[in-house]
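Peer 1: See target-v4.txt below, with compact mmCIF, N, CA and C atoms.
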```
# COMPACT_ATOMS: atom_id res chain seq x y z
N MET A 1 0.85 -1.18 0.00
CA MET A 1 0.00 0.00 0.00
C MET A 1 0.89 1.24 0.00
N ASP A 2 0.57 2.19 -0.79
CA ASP A 2 1.36 3.39 -0.93
C ASP A 2 1.31 4.23 0.35
N THR A 3 2.47 4.60 0.89
CA THR A 3 2.50 5.35 2.14
C THR A 3 1.91 6.74 1.99
N LEU A 4 1.89 7.29 0.76
CA LEU A 4 1.29 8.61 0.58
C LEU A 4 -0.22 8.57 0.76
N ASN A 5 -0.82 7.41 0.60
CA ASN A 5 -2.26 7.28 0.73
C ASN A 5 -2.68 6.75 2.09
N ARG A 6 -1.80 6.71 3.06
CA ARG A 6 -2.11 6.14 4.37
C ARG A 6 -2.63 7.22 5.32
N TRP A 7 -3.64 7.93 4.91
CA TRP A 7 -4.22 8.96 5.77
C TRP A 7 -4.81 8.35 7.03
N GLN A 8 -5.22 7.08 6.95
CA GLN A 8 -5.77 6.43 8.13
C GLN A 8 -4.74 6.37 9.25
N ASP A 9 -3.51 6.04 8.90
CA ASP A 9 -2.45 5.96 9.91
C ASP A 9 -2.20 7.32 10.54
N ARG A 10 -2.21 8.35 9.72
CA ARG A 10 -1.99 9.70 10.25
C ARG A 10 -3.12 10.10 11.21
N LEU A 11 -4.34 9.77 10.85
CA LEU A 11 -5.47 10.07 11.73
C LEU A 11 -5.37 9.28 13.03
N GLU A 12 -4.95 8.03 12.94
CA GLU A 12 -4.77 7.21 14.15
C GLU A 12 -3.67 7.80 15.05
N ILE A 13 -2.61 8.32 14.45
CA ILE A 13 -1.54 8.94 15.25
C ILE A 13 -2.08 10.15 16.00
N PHE A 14 -2.89 10.97 15.34
CA PHE A 14 -3.49 12.12 16.02
C PHE A 14 -4.45 11.66 17.11
N ALA A 15 -5.21 10.60 16.86
CA ALA A 15 -6.10 10.06 17.88
C ALA A 15 -5.29 9.56 19.07
N GLY A 16 -4.18 8.89 18.80
CA GLY A 16 -3.31 8.42 19.88
C GLY A 16 -2.73 9.57 20.68
N LEU A 17 -2.32 10.63 20.00
CA LEU A 17 -1.81 11.81 20.71
C LEU A 17 -2.89 12.42 21.60
N TRP A 18 -4.11 12.52 21.08
CA TRP A 18 -5.20 13.04 21.90
C TRP A 18 -5.42 12.15 23.13
N LEU A 19 -5.40 10.83 22.92
CA LEU A 19 -5.61 9.92 24.05
C LEU A 19 -4.52 10.11 25.12
N CYS A 20 -3.32 10.48 24.70
CA CYS A 20 -2.24 10.70 25.66
C CYS A 20 -2.39 12.00 26.45
N ILE A 21 -3.02 13.01 25.86
CA ILE A 21 -3.20 14.27 26.60
C ILE A 21 -4.59 14.40 27.22
N ALA A 22 -5.51 13.54 26.83
CA ALA A 22 -6.89 13.61 27.33
C ALA A 22 -7.00 13.54 28.85
N PRO A 23 -6.18 12.73 29.53
CA PRO A 23 -6.32 12.68 30.99
C PRO A 23 -6.20 14.05 31.66
N TRP A 24 -5.33 14.89 31.13
CA TRP A 24 -5.15 16.22 31.70
C TRP A 24 -6.17 17.20 31.13
N ALA A 25 -6.46 17.09 29.85
CA ALA A 25 -7.41 18.02 29.21
C ALA A 25 -8.83 17.82 29.73
N LEU A 26 -9.17 16.57 30.04
CA LEU A 26 -10.54 16.26 30.46
C LEU A 26 -10.66 15.93 31.95
N ALA A 27 -9.57 16.00 32.68
CA ALA A 27 -9.55 15.66 34.10
C ALA A 27 -10.17 14.27 34.33
N LEU A 28 -9.61 13.28 33.65
CA LEU A 28 -10.15 11.92 33.73
C LEU A 28 -9.79 11.26 35.05
N PRO A 29 -10.66 10.38 35.54
CA PRO A 29 -10.32 9.61 36.74
C PRO A 29 -9.16 8.66 36.43
N ALA A 30 -8.52 8.15 37.46
CA ALA A 30 -7.28 7.37 37.31
C ALA A 30 -7.41 6.20 36.33
N ALA A 31 -8.44 5.38 36.46
CA ALA A 31 -8.58 4.21 35.57
C ALA A 31 -8.73 4.65 34.11
N ALA A 32 -9.51 5.68 33.88
CA ALA A 32 -9.70 6.18 32.52
C ALA A 32 -8.41 6.80 31.99
N ALA A 33 -7.68 7.48 32.85
CA ALA A 33 -6.43 8.11 32.44
C ALA A 33 -5.41 7.06 32.02
N TRP A 34 -5.24 6.03 32.82
CA TRP A 34 -4.30 4.96 32.48
C TRP A 34 -4.70 4.28 31.18
N CYS A 35 -5.96 3.97 31.05
CA CYS A 35 -6.44 3.31 29.84
C CYS A 35 -6.20 4.19 28.62
N SER A 36 -6.49 5.46 28.74
CA SER A 36 -6.32 6.40 27.64
C SER A 36 -4.86 6.49 27.21
N VAL A 37 -3.96 6.60 28.16
CA VAL A 37 -2.53 6.73 27.83
C VAL A 37 -1.98 5.43 27.25
N VAL A 38 -2.31 4.30 27.85
CA VAL A 38 -1.80 3.02 27.36
C VAL A 38 -2.30 2.75 25.94
N VAL A 39 -3.59 2.96 25.71
CA VAL A 39 -4.14 2.75 24.37
C VAL A 39 -3.56 3.79 23.41
N GLY A 40 -3.45 5.03 23.85
CA GLY A 40 -2.91 6.09 22.99
C GLY A 40 -1.50 5.79 22.52
N VAL A 41 -0.63 5.40 23.44
CA VAL A 41 0.76 5.08 23.06
C VAL A 41 0.78 3.87 22.12
N SER A 42 -0.03 2.87 22.42
CA SER A 42 -0.08 1.67 21.56
C SER A 42 -0.55 2.01 20.15
N VAL A 43 -1.58 2.84 20.05
CA VAL A 43 -2.10 3.25 18.74
C VAL A 43 -1.04 4.03 17.97
N ILE A 44 -0.34 4.93 18.65
CA ILE A 44 0.71 5.72 17.99
C ILE A 44 1.80 4.80 17.46
N VAL A 45 2.25 3.87 18.27
CA VAL A 45 3.32 2.96 17.85
C VAL A 45 2.88 2.12 16.66
N LEU A 46 1.70 1.53 16.74
CA LEU A 46 1.22 0.67 15.65
C LEU A 46 0.96 1.46 14.37
N ALA A 47 0.33 2.63 14.49
CA ALA A 47 0.03 3.44 13.30
C ALA A 47 1.31 3.98 12.67
N SER A 48 2.28 4.36 13.49
CA SER A 48 3.56 4.85 12.96
C SER A 48 4.29 3.74 12.21
N GLN A 49 4.29 2.57 12.81
CA GLN A 49 4.92 1.43 12.14
C GLN A 49 4.21 1.12 10.84
N ASP A 50 2.88 1.14 10.86
CA ASP A 50 2.10 0.84 9.66
C ASP A 50 2.27 1.91 8.59
N LEU A 51 2.51 3.13 9.01
CA LEU A 51 2.70 4.22 8.05
C LEU A 51 3.96 4.00 7.22
N PHE A 52 5.02 3.53 7.86
CA PHE A 52 6.30 3.37 7.16
C PHE A 52 6.56 1.95 6.67
N LEU A 53 5.99 0.97 7.34
CA LEU A 53 6.12 -0.43 6.93
C LEU A 53 4.72 -1.04 6.92
N PRO A 54 3.93 -0.76 5.89
CA PRO A 54 2.54 -1.21 5.88
C PRO A 54 2.41 -2.72 6.14
N ASN A 55 1.54 -3.03 7.09
CA ASN A 55 1.32 -4.40 7.50
C ASN A 55 -0.09 -4.47 8.08
N HIS A 56 -0.93 -5.30 7.52
CA HIS A 56 -2.32 -5.32 7.98
C HIS A 56 -2.47 -5.81 9.41
N MET A 57 -1.45 -6.44 9.97
CA MET A 57 -1.53 -6.89 11.37
C MET A 57 -1.60 -5.68 12.31
N ASP A 58 -0.94 -4.58 11.95
CA ASP A 58 -1.02 -3.37 12.76
C ASP A 58 -2.44 -2.82 12.77
N ASP A 59 -3.10 -2.89 11.62
CA ASP A 59 -4.49 -2.43 11.55
C ASP A 59 -5.40 -3.32 12.39
N TRP A 60 -5.20 -4.64 12.33
CA TRP A 60 -6.00 -5.54 13.16
C TRP A 60 -5.80 -5.23 14.65
N ALA A 61 -4.55 -4.99 15.03
CA ALA A 61 -4.26 -4.67 16.43
C ALA A 61 -4.95 -3.37 16.85
N ASN A 62 -4.96 -2.38 15.98
CA ASN A 62 -5.64 -1.12 16.31
C ASN A 62 -7.15 -1.29 16.36
N VAL A 63 -7.70 -2.16 15.54
CA VAL A 63 -9.14 -2.46 15.64
C VAL A 63 -9.44 -3.01 17.04
N LEU A 64 -8.61 -3.95 17.49
CA LEU A 64 -8.81 -4.54 18.82
C LEU A 64 -8.63 -3.49 19.92
N LEU A 65 -7.65 -2.62 19.77
CA LEU A 65 -7.46 -1.55 20.76
C LEU A 65 -8.66 -0.61 20.80
N GLY A 66 -9.19 -0.28 19.62
CA GLY A 66 -10.37 0.59 19.57
C GLY A 66 -11.58 -0.04 20.24
N VAL A 67 -11.81 -1.31 19.97
CA VAL A 67 -12.93 -2.02 20.60
C VAL A 67 -12.70 -2.10 22.11
N GLY A 68 -11.47 -2.40 22.49
CA GLY A 68 -11.14 -2.45 23.92
C GLY A 68 -11.37 -1.12 24.61
N LEU A 69 -11.01 -0.04 23.93
CA LEU A 69 -11.24 1.28 24.50
C LEU A 69 -12.72 1.56 24.66
N MET A 70 -13.53 1.12 23.71
CA MET A 70 -14.98 1.36 23.81
C MET A 70 -15.62 0.60 24.96
N ILE A 71 -15.11 -0.56 25.30
CA ILE A 71 -15.71 -1.32 26.41
C ILE A 71 -15.03 -1.03 27.74
N SER A 72 -13.92 -0.32 27.71
CA SER A 72 -13.15 -0.07 28.93
C SER A 72 -13.91 0.67 30.04
N PRO A 73 -14.83 1.58 29.74
CA PRO A 73 -15.53 2.24 30.85
C PRO A 73 -16.29 1.26 31.75
N TRP A 74 -16.80 0.20 31.19
CA TRP A 74 -17.53 -0.78 31.99
C TRP A 74 -16.59 -1.80 32.60
N VAL A 75 -15.55 -2.15 31.88
CA VAL A 75 -14.57 -3.11 32.40
C VAL A 75 -13.80 -2.52 33.57
N TRP A 76 -13.37 -1.27 33.46
CA TRP A 76 -12.55 -0.65 34.48
C TRP A 76 -13.34 0.26 35.43
N GLY A 77 -14.66 0.31 35.26
CA GLY A 77 -15.52 0.97 36.23
C GLY A 77 -15.55 2.48 36.22
N TYR A 78 -15.38 3.09 35.06
CA TYR A 78 -15.48 4.55 35.02
C TYR A 78 -16.60 5.03 34.10
N SER A 79 -17.61 4.19 33.90
CA SER A 79 -18.72 4.56 33.01
C SER A 79 -19.58 5.69 33.59
N GLY A 80 -19.47 5.94 34.86
CA GLY A 80 -20.24 7.02 35.48
C GLY A 80 -19.62 8.40 35.28
N HIS A 81 -18.45 8.48 34.75
CA HIS A 81 -17.76 9.75 34.50
C HIS A 81 -18.01 10.12 33.04
N ASP A 82 -18.86 11.12 32.82
CA ASP A 82 -19.30 11.46 31.46
C ASP A 82 -18.16 11.76 30.49
N ASN A 83 -17.20 12.59 30.89
CA ASN A 83 -16.08 12.92 30.00
C ASN A 83 -15.29 11.69 29.62
N ALA A 84 -15.02 10.85 30.60
CA ALA A 84 -14.23 9.64 30.35
C ALA A 84 -15.00 8.67 29.44
N LEU A 85 -16.29 8.51 29.72
CA LEU A 85 -17.12 7.61 28.91
C LEU A 85 -17.18 8.09 27.46
N LEU A 86 -17.48 9.36 27.27
CA LEU A 86 -17.59 9.91 25.93
C LEU A 86 -16.26 9.84 25.18
N ASN A 87 -15.17 10.15 25.86
CA ASN A 87 -13.85 10.08 25.24
C ASN A 87 -13.54 8.65 24.80
N ALA A 88 -13.78 7.68 25.67
CA ALA A 88 -13.49 6.28 25.34
C ALA A 88 -14.34 5.80 24.17
N LEU A 89 -15.61 6.15 24.18
CA LEU A 89 -16.50 5.70 23.10
C LEU A 89 -16.15 6.35 21.77
N LEU A 90 -15.97 7.65 21.75
CA LEU A 90 -15.69 8.36 20.50
C LEU A 90 -14.32 8.02 19.93
N MET A 91 -13.31 8.02 20.80
CA MET A 91 -11.96 7.73 20.31
C MET A 91 -11.81 6.25 19.95
N GLY A 92 -12.46 5.38 20.71
CA GLY A 92 -12.44 3.95 20.36
C GLY A 92 -13.12 3.70 19.03
N LEU A 93 -14.23 4.38 18.80
CA LEU A 93 -14.93 4.26 17.53
C LEU A 93 -14.08 4.80 16.38
N LEU A 94 -13.44 5.94 16.60
CA LEU A 94 -12.59 6.53 15.57
C LEU A 94 -11.44 5.59 15.19
N VAL A 95 -10.75 5.05 16.19
CA VAL A 95 -9.63 4.14 15.92
C VAL A 95 -10.12 2.87 15.23
N THR A 96 -11.23 2.32 15.70
CA THR A 96 -11.78 1.09 15.11
C THR A 96 -12.19 1.30 13.66
N LEU A 97 -12.94 2.35 13.40
CA LEU A 97 -13.41 2.61 12.04
C LEU A 97 -12.26 2.96 11.09
N THR A 98 -11.31 3.75 11.57
CA THR A 98 -10.19 4.14 10.72
C THR A 98 -9.34 2.93 10.36
N SER A 99 -9.04 2.09 11.35
CA SER A 99 -8.26 0.87 11.08
C SER A 99 -9.06 -0.09 10.21
N GLY A 100 -10.35 -0.19 10.48
CA GLY A 100 -11.21 -1.06 9.66
C GLY A 100 -11.26 -0.61 8.22
N TRP A 101 -11.27 0.70 8.00
CA TRP A 101 -11.28 1.24 6.65
C TRP A 101 -9.98 0.87 5.93
N ALA A 102 -8.86 0.98 6.63
CA ALA A 102 -7.58 0.60 6.03
C ALA A 102 -7.57 -0.90 5.72
N LEU A 103 -8.13 -1.70 6.61
CA LEU A 103 -8.19 -3.15 6.38
C LEU A 103 -9.09 -3.50 5.21
N GLU A 104 -10.18 -2.77 5.06
CA GLU A 104 -11.12 -3.03 3.96
C GLU A 104 -10.38 -2.96 2.63
N ARG A 105 -9.52 -1.99 2.48
CA ARG A 105 -8.78 -1.84 1.22
C ARG A 105 -7.82 -3.02 1.02
N VAL A 106 -7.13 -3.41 2.07
CA VAL A 106 -6.19 -4.53 1.99
C VAL A 106 -6.94 -5.82 1.66
N LEU A 107 -8.03 -6.06 2.37
CA LEU A 107 -8.79 -7.29 2.15
C LEU A 107 -9.43 -7.32 0.76
N TYR A 108 -9.90 -6.17 0.29
CA TYR A 108 -10.48 -6.10 -1.04
C TYR A 108 -9.43 -6.41 -2.11
N ASP A 109 -8.23 -5.84 -1.95
CA ASP A 109 -7.14 -6.11 -2.89
C ASP A 109 -6.78 -7.59 -2.90
N LYS A 110 -6.73 -8.21 -1.72
CA LYS A 110 -6.42 -9.64 -1.65
C LYS A 110 -7.53 -10.47 -2.29
N PHE A 111 -8.78 -10.05 -2.11
CA PHE A 111 -9.89 -10.76 -2.73
C PHE A 111 -9.79 -10.68 -4.25
N LYS A 112 -9.44 -9.52 -4.79
CA LYS A 112 -9.30 -9.38 -6.24
C LYS A 112 -8.22 -10.32 -6.77
N VAL A 113 -7.11 -10.42 -6.07
CA VAL A 113 -6.04 -11.33 -6.50
C VAL A 113 -6.53 -12.77 -6.45
N TRP A 114 -7.16 -13.15 -5.34
CA TRP A 114 -7.68 -14.51 -5.19
C TRP A 114 -8.66 -14.83 -6.31
N ARG A 115 -9.57 -13.89 -6.55
CA ARG A 115 -10.60 -14.09 -7.57
C ARG A 115 -9.99 -14.26 -8.97
N SER A 116 -8.97 -13.47 -9.26
CA SER A 116 -8.33 -13.56 -10.58
C SER A 116 -7.63 -14.91 -10.75
N HIS A 117 -7.13 -15.48 -9.69
CA HIS A 117 -6.46 -16.78 -9.78
C HIS A 117 -7.45 -17.95 -9.83
N HIS A 118 -8.59 -17.79 -9.19
CA HIS A 118 -9.54 -18.90 -9.08
C HIS A 118 -10.67 -18.85 -10.11
N HIS A 119 -10.81 -17.75 -10.77
CA HIS A 119 -11.88 -17.64 -11.77
C HIS A 119 -11.33 -17.32 -13.16
N ALA A 120 -10.06 -17.60 -13.36
CA ALA A 120 -9.47 -17.36 -14.67
C ALA A 120 -9.95 -18.42 -15.64
N HIS A 121 -10.21 -18.00 -16.86
CA HIS A 121 -10.71 -18.95 -17.88
C HIS A 121 -9.64 -19.25 -18.86
```
So, in terms of structure tokens, how does the structure I just supplied come out?
Peer 2:
Amino acid sequence: MDTLNRWQDRLEIFAGLWLCIAPWALALPAAAAWCSVVVGVSVIVLASQDLFLPNHMDDWANVLLGVGLMISPWVWGYSGHDNALLNALLMGLLVTLTSGWALERVLYDKFKVWRSHHHAH
């Protein structure tokens, strides 16, 4: 995949940066703050790696991180804190959808190759 067209990775990096500063910007409770920073750093690392060395495994990992972030308010017990809940849901959704969009392109390209090999006349 062409690195010039990897806008998804760039968006994920910005999402990860926001997750790293969100604990202070939103005055998040401790559990939400830790979750935000850990997921944020992980997203930055994976998206940066994927930006320069495209690999669909990084996108799969970010999908899992995004889903994990969306369920984290209930798992870690901070669903009663509105800022933390909204941040986890919105940023988790953004990371999940952005990584999923990048994966859709990879999977579609692989399907086209498979189809050309299996349906050639």
Peer 1: Would you pick out the contacts of region 48-60 of chain A at 6.5 Å or less, using all atoms listed in the file, so that residues sharing its chain but fewer than 2 positions from it are not included, and give the list as a PDB file with N, CA and C atoms, in the frame of the given file?
Peer 2:
```
ATOM      1  N   MET A   1       0.850  -1.180   0.000  1.00  0.00           N
ATOM      2  CA  MET A   1       0.000   0.000   0.000  1.00  0.00           C
ATOM      3  C   MET A   1       0.890   1.240   0.000  1.00  0.00           C
ATOM      4  N   THR A   3       2.470   4.600   0.890  1.00  0.00           N
ATOM      5  CA  THR A   3       2.500   5.350   2.140  1.00  0.00           C
ATOM      6  C   THR A   3       1.910   6.740   1.990  1.00  0.00           C
ATOM      7  N   ARG A   6      -1.800   6.710   3.060  1.00  0.00           N
ATOM      8  CA  ARG A   6      -2.110   6.140   4.370  1.00  0.00           C
ATOM      9  C   ARG A   6      -2.630   7.220   5.320  1.00  0.00           C
ATOM     10  N   ASP A   9      -3.510   6.040   8.900  1.00  0.00           N
ATOM     11  CA  ASP A   9      -2.450   5.960   9.910  1.00  0.00           C
ATOM     12  C   ASP A   9      -2.200   7.320  10.540  1.00  0.00           C
ATOM     13  N   ILE A  13      -2.610   8.320  14.450  1.00  0.00           N
ATOM     14  CA  ILE A  13      -1.540   8.940  15.250  1.00  0.00           C
ATOM     15  C   ILE A  13      -2.080  10.150  16.000  1.00  0.00           C
ATOM     16  N   VAL A  43      -1.580   2.840  20.050  1.00  0.00           N
ATOM     17  CA  VAL A  43      -2.100   3.250  18.740  1.00  0.00           C
ATOM     18  C   VAL A  43      -1.040   4.030  17.970  1.00  0.00           C
ATOM     19  N   ILE A  44      -0.340   4.930  18.650  1.00  0.00           N
ATOM     20  CA  ILE A  44       0.710   5.720  17.990  1.00  0.00           C
ATOM     21  C   ILE A  44       1.800   4.800  17.460  1.00  0.00           C
ATOM     22  N   VAL A  45       2.250   3.870  18.270  1.00  0.00           N
ATOM     23  CA  VAL A  45       3.320   2.960  17.850  1.00  0.00           C
ATOM     24  C   VAL A  45       2.880   2.120  16.660  1.00  0.00           C
ATOM     25  N   LEU A  46       1.700   1.530  16.740  1.00  0.00           N
ATOM     26  CA  LEU A  46       1.220   0.670  15.650  1.00  0.00           C
ATOM     27  C   LEU A  46       0.960   1.460  14.370  1.00  0.00           C
ATOM     28  N   ASN A  62      -4.960  -2.380  15.980  1.00  0.00           N
ATOM     29  CA  ASN A  62      -5.640  -1.120  16.310  1.00  0.00           C
ATOM     30  C   ASN A  62      -7.150  -1.290  16.360  1.00  0.00           C
ATOM     31  N   VAL A  63      -7.700  -2.160  15.540  1.00  0.00           N
ATOM     32  CA  VAL A  63      -9.140  -2.460  15.640  1.00  0.00           C
ATOM     33  C   VAL A  63      -9.440  -3.010  17.040  1.00  0.00           C
ATOM     34  N   LEU A  64      -8.610  -3.950  17.490  1.00  0.00           N
ATOM     35  CA  LEU A  64      -8.810  -4.540  18.820  1.00  0.00           C
ATOM     36  C   LEU A  64      -8.630  -3.490  19.920  1.00  0.00           C
ATOM     37  N   LEU A  65      -7.650  -2.620  19.770  1.00  0.00           N
ATOM     38  CA  LEU A  65      -7.460  -1.550  20.760  1.00  0.00           C
ATOM     39  C   LEU A  65      -8.660  -0.610  20.800  1.00  0.00           C
ATOM     40  N   SER A  99      -9.040   2.090  11.350  1.00  0.00           N
ATOM     41  CA  SER A  99      -8.260   0.870  11.080  1.00  0.00           C
ATOM     42  C   SER A  99      -9.060  -0.090  10.210  1.00  0.00           C
ATOM     43  N   GLY A 100     -10.350  -0.190  10.480  1.00  0.00           N
ATOM     44  CA  GLY A 100     -11.210  -1.060   9.660  1.00  0.00           C
ATOM     45  C   GLY A 100     -11.260  -0.610   8.220  1.00  0.00           C
ATOM     46  N   LEU A 103      -8.130  -1.700   6.610  1.00  0.00           N
ATOM     47  CA  LEU A 103      -8.190  -3.150   6.380  1.00  0.00           C
ATOM     48  C   LEU A 103      -9.090  -3.500   5.210  1.00  0.00           C
TER      49      LEU A 103
END
```
Peer 1: Determine, counting only N, CA and C atoms, which protein, DNA and RNA residues have an atom within 7 Å of an atom of Leu69 (chain A); residues of the same chain fewer than 2 positions away are not included. Present the result as an MDAnalysis selection string.
Peer 2: chainID A and resid 64:67 71:73 88:89 91:93
Peer 1: Between A:Ala84, A:Leu94, A:Glu104, A:Trp74, which has the minimum distance to Glu12 (chain A) (counting only C-alpha atoms)?
Peer 2: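 Nearest candidate to Glu12 (chain A) out of A:Ala84, A:Leu94, A:Glu104, A:Trp74: A:Leu94.
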Peer 1: When you draw a straight line from atom N of Gly77 (chain A) to CA of Leu90 (chain A), how long is it in Å?
Peer 2: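 CA of Leu90 (chain A) lies 16.8 Å from atom N of Gly77 (chain A).
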Peer 1: One decimal, in Å: what's the spacing between CA of Gly40 (chain A) and atom N of Gly16 (chain A)?
Peer 2: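 We find that CA of Gly40 (chain A) and atom N of Gly16 (chain A) lie 5.2 Å from each other.
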Peer 1: Which residue out of A:Asn83, A:Ala102, A:Leu97, A:Ala47 has the minimum interatomic distance to Ala25 (chain A) when only C-alpha atoms are used?
Peer 2: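 Smallest distance to Ala25 (chain A) is found for A:Asn83.
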Peer 1: Just to confirm, what's the straight-line distance from CA of Leu85 (chain A) to atom C of Trp7 (chain A) in Å (one decimal)?
Peer 2: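 These atoms are spaced 25.1 Å apart.
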